[in-house]
Structures are given as C-alpha cells and as structure tokens.
$ cat target11.txt   # compact mmCIF, C-alpha atoms
# COMPACT_ATOMS: atom_id res chain seq x y z
CA MET A 1 2.28 -18.62 -26.94
CA ALA A 2 1.77 -19.23 -30.68
CA ILE A 3 -2.01 -19.12 -30.25
CA LEU A 4 -1.74 -15.78 -28.46
CA GLN A 5 0.34 -14.42 -31.34
CA VAL A 6 -2.23 -15.49 -33.92
CA VAL A 7 -5.09 -13.98 -31.91
CA VAL A 8 -3.32 -10.65 -31.36
CA ILE A 9 -2.17 -10.44 -34.99
CA THR A 10 -5.71 -11.18 -36.22
CA ILE A 11 -7.17 -8.47 -33.98
CA HIS A 12 -4.41 -6.09 -35.08
CA VAL A 13 -5.15 -6.66 -38.78
CA LEU A 14 -8.90 -6.22 -38.26
CA LEU A 15 -8.32 -2.99 -36.32
CA SER A 16 -5.99 -1.66 -39.00
CA LEU A 17 -8.54 -2.33 -41.75
CA GLY A 18 -11.27 -0.75 -39.63
CA LEU A 19 -9.07 2.25 -38.98
CA ILE A 20 -8.47 2.74 -42.69
CA LEU A 21 -12.22 2.61 -43.33
CA LEU A 22 -13.04 5.01 -40.50
CA ILE A 23 -10.43 7.54 -41.60
CA LEU A 24 -11.72 7.45 -45.16
CA LEU A 25 -15.27 8.06 -43.92
CA HIS A 26 -14.30 11.31 -42.19
CA SER A 27 -15.19 14.43 -44.09
CA GLY A 28 -12.21 16.57 -44.80
CA ARG A 29 -12.01 19.81 -46.73
CA GLY A 30 -13.36 18.12 -49.85
CA GLY A 31 -16.09 16.13 -48.14
CA GLY A 32 -14.49 12.69 -48.09
CA LEU A 33 -16.34 9.42 -48.50
CA SER A 34 -18.87 10.44 -45.86
CA ASP A 35 -20.67 12.43 -48.57
CA ALA A 36 -21.44 9.17 -50.33
CA PHE A 37 -23.33 7.97 -47.24
CA GLY A 38 -25.29 11.14 -46.65
CA GLY A 39 -22.84 12.88 -44.36
CA GLY A 40 -22.62 15.89 -46.65
CA MET A 41 -26.31 16.75 -46.50
CA ASN A 42 -27.12 19.94 -44.70
CA SER A 43 -30.00 19.34 -42.37
CA SER A 44 -31.68 21.69 -39.98
CA MET A 45 -31.49 19.09 -37.21
CA GLY A 46 -27.69 18.97 -37.21
CA GLY A 47 -27.63 15.22 -37.76
CA SER A 48 -24.38 15.28 -39.67
CA VAL A 49 -22.63 16.95 -36.73
CA VAL A 50 -23.78 14.17 -34.42
CA ALA A 51 -22.76 11.52 -36.94
CA GLU A 52 -19.34 13.13 -37.35
CA ARG A 53 -18.87 13.28 -33.56
CA ASN A 54 -19.80 9.60 -33.20
CA LEU A 55 -17.49 8.71 -36.09
CA SER A 56 -14.68 10.58 -34.35
CA ARG A 57 -15.31 8.72 -31.09
CA LEU A 58 -15.29 5.37 -32.88
CA THR A 59 -12.06 6.32 -34.64
CA VAL A 60 -10.39 7.22 -31.33
CA ILE A 61 -11.49 3.92 -29.78
CA THR A 62 -10.10 2.05 -32.78
CA VAL A 63 -6.81 3.94 -32.56
CA ILE A 64 -6.49 3.07 -28.88
CA GLY A 65 -7.16 -0.60 -29.66
CA PHE A 66 -4.61 -0.48 -32.47
CA ALA A 67 -2.00 1.03 -30.12
CA VAL A 68 -2.70 -1.59 -27.47
CA THR A 69 -2.34 -4.46 -29.94
CA THR A 70 0.86 -2.89 -31.31
CA ILE A 71 2.36 -2.76 -27.81
CA ALA A 72 1.13 -6.31 -27.13
CA LEU A 73 2.80 -7.55 -30.32
CA ILE A 74 6.06 -5.85 -29.37
CA TRP A 75 5.90 -7.48 -25.94
CA ILE A 76 4.94 -10.94 -27.28
CA LEU A 77 7.49 -11.03 -30.11
CA ALA A 78 10.40 -9.64 -28.07

$ encode --input "target11.txt" --output "structure tokens"
Amino acid sequence: MAILQVVVITIHVLLSLGLILLILLHSGRGGGLSDAFGGGMNSSMGGSVVAERNLSRLTVITVIGFAVTTIALIWILA
C-alpha cells in the first residue's frame, strides 16, 4: 500500500500546483495573469471568451481530480 500512497500523493501535489497556476491565469476584475498571455486583448472574433471558457473547464476538471485524490488520501491513510 506504500506504493499507492506515493502515487496518489504525487498526483495530488501535481494537481494542486496545476490548480494554483490555473486560478492565477483566470482574469478577475483587474485582468489577472491571463493579460500577460494575451487574454486581455479585445478581438472582434471573441477569442478571449473561448479561451476563458476553456480555461474554466480545465480548472473544473482539475478541481474534481484534486477532490478525488483528497478523498483517496483520506481513505488510504485512515
């Protein structure tokens, strides 16, 4: 079971770092870090809206993975 713990903890740490990055990339009231990558540009095609929607979807998927690994760690370590 020690190998399973290491695998789940590694995935959990990677998801937490990814979640931090994804949350920082979201544009808030002030623009956020997404402005640094071109998310703040106003285009007539609406590309930033699509990028923001995809970023939101990826963030939700990462949050679900983080929750699953948290529950798995609770179950494994109990």

$ atom_distance --input "target11.txt" --atom1 "atom CA of A:Gly65" --atom2 "atom CA of A:Leu15"
7.2 Å

$ residues_near_point --input "target11.txt" --point "(0.2, -6.8, -25.3)" --cutoff "12 Å" --atoms "only C-alpha atoms" --output "list of chain:residue names"
A:Leu4, A:Gln5, A:Val7, A:Val8, A:Ile9, A:Ile11, A:His12, A:Gly65, A:Phe66, A:Ala67, A:Val68, A:Thr69, A:Thr70, A:Ile71, A:Ala72, A:Leu73, A:Ile74, A:Trp75, A:Ile76, A:Leu77, A:Ala78

$ closest_residue --input "target11.txt" --among "A:Ser27, A:Ser48, A:Ser16, A:Thr10" --to "A:Val63" --atoms "only C-alpha atoms"
A:Ser16

$ atom_distance --input "target11.txt" --atom1 "atom CA of A:Gly18" --atom2 "atom CA of A:Thr62"
7.5 Å

$ closest_residue --input "target11.txt" --among "A:Val50, A:Leu55, A:Ile61, A:Ala2" --to "A:Leu25" --atoms "all atoms listed in the file"
A:Leu55

$ decode --input "target11.txt" --residues "stretch 3-19 of chain A" --atoms "all heavy atoms" --output "PDB file, in the first residue's frame"
ATOM      1  N   ILE A   3       3.252   2.005  -2.067  1.00  0.00           N
ATOM      2  CA  ILE A   3       3.408   2.492  -3.444  1.00  0.00           C
ATOM      3  C   ILE A   3       2.173   3.283  -3.859  1.00  0.00           C
ATOM      4  O   ILE A   3       2.275   4.330  -4.510  1.00  0.00           O
ATOM      5  CB  ILE A   3       3.664   1.312  -4.404  1.00  0.00           C
ATOM      6  CG1 ILE A   3       5.000   0.651  -4.078  1.00  0.00           C
ATOM      7  CG2 ILE A   3       3.639   1.770  -5.844  1.00  0.00           C
ATOM      8  CD1 ILE A   3       5.271  -0.610  -4.853  1.00  0.00           C
ATOM      9  N   LEU A   4       0.998   2.805  -3.462  1.00  0.00           N
ATOM     10  CA  LEU A   4      -0.242   3.506  -3.775  1.00  0.00           C
ATOM     11  C   LEU A   4      -0.264   4.888  -3.120  1.00  0.00           C
ATOM     12  O   LEU A   4      -0.704   5.862  -3.735  1.00  0.00           O
ATOM     13  CB  LEU A   4      -1.451   2.675  -3.328  1.00  0.00           C
ATOM     14  CG  LEU A   4      -2.820   3.241  -3.642  1.00  0.00           C
ATOM     15  CD1 LEU A   4      -3.000   3.383  -5.147  1.00  0.00           C
ATOM     16  CD2 LEU A   4      -3.906   2.374  -3.043  1.00  0.00           C
ATOM     17  N   GLN A   5       0.231   4.973  -1.896  1.00  0.00           N
ATOM     18  CA  GLN A   5       0.302   6.269  -1.205  1.00  0.00           C
ATOM     19  C   GLN A   5       1.195   7.241  -1.955  1.00  0.00           C
ATOM     20  O   GLN A   5       0.825   8.407  -2.148  1.00  0.00           O
ATOM     21  CB  GLN A   5       0.835   6.088   0.219  1.00  0.00           C
ATOM     22  CG  GLN A   5      -0.131   5.486   1.179  1.00  0.00           C
ATOM     23  CD  GLN A   5       0.481   5.300   2.554  1.00  0.00           C
ATOM     24  OE1 GLN A   5       1.687   5.447   2.725  1.00  0.00           O
ATOM     25  NE2 GLN A   5      -0.346   4.963   3.521  1.00  0.00           N
ATOM     26  N   VAL A   6       2.346   6.777  -2.379  1.00  0.00           N
ATOM     27  CA  VAL A   6       3.288   7.645  -3.091  1.00  0.00           C
ATOM     28  C   VAL A   6       2.686   8.124  -4.410  1.00  0.00           C
ATOM     29  O   VAL A   6       2.802   9.302  -4.763  1.00  0.00           O
ATOM     30  CB  VAL A   6       4.631   6.910  -3.323  1.00  0.00           C
ATOM     31  CG1 VAL A   6       5.530   7.700  -4.253  1.00  0.00           C
ATOM     32  CG2 VAL A   6       5.318   6.628  -2.004  1.00  0.00           C
ATOM     33  N   VAL A   7       2.018   7.227  -5.121  1.00  0.00           N
ATOM     34  CA  VAL A   7       1.417   7.589  -6.406  1.00  0.00           C
ATOM     35  C   VAL A   7       0.318   8.627  -6.208  1.00  0.00           C
ATOM     36  O   VAL A   7       0.267   9.646  -6.911  1.00  0.00           O
ATOM     37  CB  VAL A   7       0.880   6.333  -7.130  1.00  0.00           C
ATOM     38  CG1 VAL A   7       0.026   6.707  -8.324  1.00  0.00           C
ATOM     39  CG2 VAL A   7       2.025   5.440  -7.553  1.00  0.00           C
ATOM     40  N   VAL A   8      -0.566   8.389  -5.231  1.00  0.00           N
ATOM     41  CA  VAL A   8      -1.679   9.309  -5.009  1.00  0.00           C
ATOM     42  C   VAL A   8      -1.174  10.656  -4.495  1.00  0.00           C
ATOM     43  O   VAL A   8      -1.661  11.712  -4.918  1.00  0.00           O
ATOM     44  CB  VAL A   8      -2.721   8.693  -4.038  1.00  0.00           C
ATOM     45  CG1 VAL A   8      -3.796   9.697  -3.683  1.00  0.00           C
ATOM     46  CG2 VAL A   8      -3.351   7.458  -4.658  1.00  0.00           C
ATOM     47  N   ILE A   9      -0.181  10.645  -3.617  1.00  0.00           N
ATOM     48  CA  ILE A   9       0.374  11.907  -3.117  1.00  0.00           C
ATOM     49  C   ILE A   9       1.044  12.681  -4.240  1.00  0.00           C
ATOM     50  O   ILE A   9       0.905  13.908  -4.337  1.00  0.00           O
ATOM     51  CB  ILE A   9       1.348  11.644  -1.947  1.00  0.00           C
ATOM     52  CG1 ILE A   9       0.568  11.210  -0.704  1.00  0.00           C
ATOM     53  CG2 ILE A   9       2.186  12.882  -1.635  1.00  0.00           C
ATOM     54  CD1 ILE A   9       1.427  10.760   0.452  1.00  0.00           C
ATOM     55  N   THR A  10       1.763  11.996  -5.123  1.00  0.00           N
ATOM     56  CA  THR A  10       2.409  12.667  -6.256  1.00  0.00           C
ATOM     57  C   THR A  10       1.377  13.304  -7.182  1.00  0.00           C
ATOM     58  O   THR A  10       1.518  14.466  -7.587  1.00  0.00           O
ATOM     59  CB  THR A  10       3.274  11.663  -7.041  1.00  0.00           C
ATOM     60  OG1 THR A  10       4.221  11.077  -6.156  1.00  0.00           O
ATOM     61  CG2 THR A  10       3.984  12.334  -8.187  1.00  0.00           C
ATOM     62  N   ILE A  11       0.322  12.560  -7.492  1.00  0.00           N
ATOM     63  CA  ILE A  11      -0.744  13.113  -8.334  1.00  0.00           C
ATOM     64  C   ILE A  11      -1.413  14.293  -7.644  1.00  0.00           C
ATOM     65  O   ILE A  11      -1.716  15.316  -8.265  1.00  0.00           O
ATOM     66  CB  ILE A  11      -1.768  12.016  -8.692  1.00  0.00           C
ATOM     67  CG1 ILE A  11      -1.124  10.973  -9.597  1.00  0.00           C
ATOM     68  CG2 ILE A  11      -3.002  12.607  -9.356  1.00  0.00           C
ATOM     69  CD1 ILE A  11      -1.964   9.736  -9.822  1.00  0.00           C
ATOM     70  N   HIS A  12      -1.610  14.175  -6.336  1.00  0.00           N
ATOM     71  CA  HIS A  12      -2.253  15.236  -5.557  1.00  0.00           C
ATOM     72  C   HIS A  12      -1.416  16.524  -5.580  1.00  0.00           C
ATOM     73  O   HIS A  12      -1.959  17.618  -5.770  1.00  0.00           O
ATOM     74  CB  HIS A  12      -2.457  14.743  -4.124  1.00  0.00           C
ATOM     75  CG  HIS A  12      -3.307  15.626  -3.284  1.00  0.00           C
ATOM     76  ND1 HIS A  12      -4.665  15.724  -3.452  1.00  0.00           N
ATOM     77  CD2 HIS A  12      -2.994  16.458  -2.265  1.00  0.00           C
ATOM     78  CE1 HIS A  12      -5.151  16.575  -2.569  1.00  0.00           C
ATOM     79  NE2 HIS A  12      -4.152  17.041  -1.843  1.00  0.00           N
ATOM     80  N   VAL A  13      -0.113  16.385  -5.416  1.00  0.00           N
ATOM     81  CA  VAL A  13       0.774  17.557  -5.439  1.00  0.00           C
ATOM     82  C   VAL A  13       0.781  18.191  -6.829  1.00  0.00           C
ATOM     83  O   VAL A  13       0.715  19.431  -6.956  1.00  0.00           O
ATOM     84  CB  VAL A  13       2.204  17.173  -4.991  1.00  0.00           C
ATOM     85  CG1 VAL A  13       3.198  18.280  -5.278  1.00  0.00           C
ATOM     86  CG2 VAL A  13       2.215  16.812  -3.521  1.00  0.00           C
ATOM     87  N   LEU A  14       0.843  17.372  -7.878  1.00  0.00           N
ATOM     88  CA  LEU A  14       0.828  17.915  -9.236  1.00  0.00           C
ATOM     89  C   LEU A  14      -0.490  18.629  -9.537  1.00  0.00           C
ATOM     90  O   LEU A  14      -0.492  19.699 -10.163  1.00  0.00           O
ATOM     91  CB  LEU A  14       1.077  16.807 -10.252  1.00  0.00           C
ATOM     92  CG  LEU A  14       2.485  16.210 -10.258  1.00  0.00           C
ATOM     93  CD1 LEU A  14       2.558  15.021 -11.210  1.00  0.00           C
ATOM     94  CD2 LEU A  14       3.517  17.255 -10.614  1.00  0.00           C
ATOM     95  N   LEU A  15      -1.610  18.051  -9.084  1.00  0.00           N
ATOM     96  CA  LEU A  15      -2.898  18.707  -9.294  1.00  0.00           C
ATOM     97  C   LEU A  15      -2.992  20.009  -8.515  1.00  0.00           C
ATOM     98  O   LEU A  15      -3.561  20.986  -9.006  1.00  0.00           O
ATOM     99  CB  LEU A  15      -4.040  17.767  -8.883  1.00  0.00           C
ATOM    100  CG  LEU A  15      -4.360  16.642  -9.854  1.00  0.00           C
ATOM    101  CD1 LEU A  15      -5.368  15.684  -9.237  1.00  0.00           C
ATOM    102  CD2 LEU A  15      -4.877  17.194 -11.162  1.00  0.00           C
ATOM    103  N   SER A  16      -2.433  20.041  -7.307  1.00  0.00           N
ATOM    104  CA  SER A  16      -2.503  21.276  -6.527  1.00  0.00           C
ATOM    105  C   SER A  16      -1.674  22.384  -7.168  1.00  0.00           C
ATOM    106  O   SER A  16      -2.112  23.541  -7.221  1.00  0.00           O
ATOM    107  CB  SER A  16      -2.051  21.032  -5.085  1.00  0.00           C
ATOM    108  OG  SER A  16      -0.699  20.653  -5.042  1.00  0.00           O
ATOM    109  N   LEU A  17      -0.505  22.049  -7.694  1.00  0.00           N
ATOM    110  CA  LEU A  17       0.305  23.052  -8.382  1.00  0.00           C
ATOM    111  C   LEU A  17      -0.380  23.522  -9.666  1.00  0.00           C
ATOM    112  O   LEU A  17      -0.378  24.712  -9.990  1.00  0.00           O
ATOM    113  CB  LEU A  17       1.691  22.491  -8.691  1.00  0.00           C
ATOM    114  CG  LEU A  17       2.582  22.218  -7.479  1.00  0.00           C
ATOM    115  CD1 LEU A  17       3.873  21.530  -7.917  1.00  0.00           C
ATOM    116  CD2 LEU A  17       2.868  23.485  -6.713  1.00  0.00           C
ATOM    117  N   GLY A  18      -0.978  22.586 -10.393  1.00  0.00           N
ATOM    118  CA  GLY A  18      -1.716  22.953 -11.597  1.00  0.00           C
ATOM    119  C   GLY A  18      -2.918  23.823 -11.282  1.00  0.00           C
ATOM    120  O   GLY A  18      -3.242  24.756 -12.019  1.00  0.00           O
ATOM    121  N   LEU A  19      -3.576  23.529 -10.170  1.00  0.00           N
ATOM    122  CA  LEU A  19      -4.731  24.317  -9.773  1.00  0.00           C
ATOM    123  C   LEU A  19      -4.330  25.744  -9.416  1.00  0.00           C
ATOM    124  O   LEU A  19      -5.020  26.700  -9.786  1.00  0.00           O
ATOM    125  CB  LEU A  19      -5.429  23.641  -8.596  1.00  0.00           C
ATOM    126  CG  LEU A  19      -6.791  24.133  -8.197  1.00  0.00           C
ATOM    127  CD1 LEU A  19      -7.751  24.047  -9.373  1.00  0.00           C
ATOM    128  CD2 LEU A  19      -7.316  23.321  -7.036  1.00  0.00           C
TER     129      LEU A  19
END
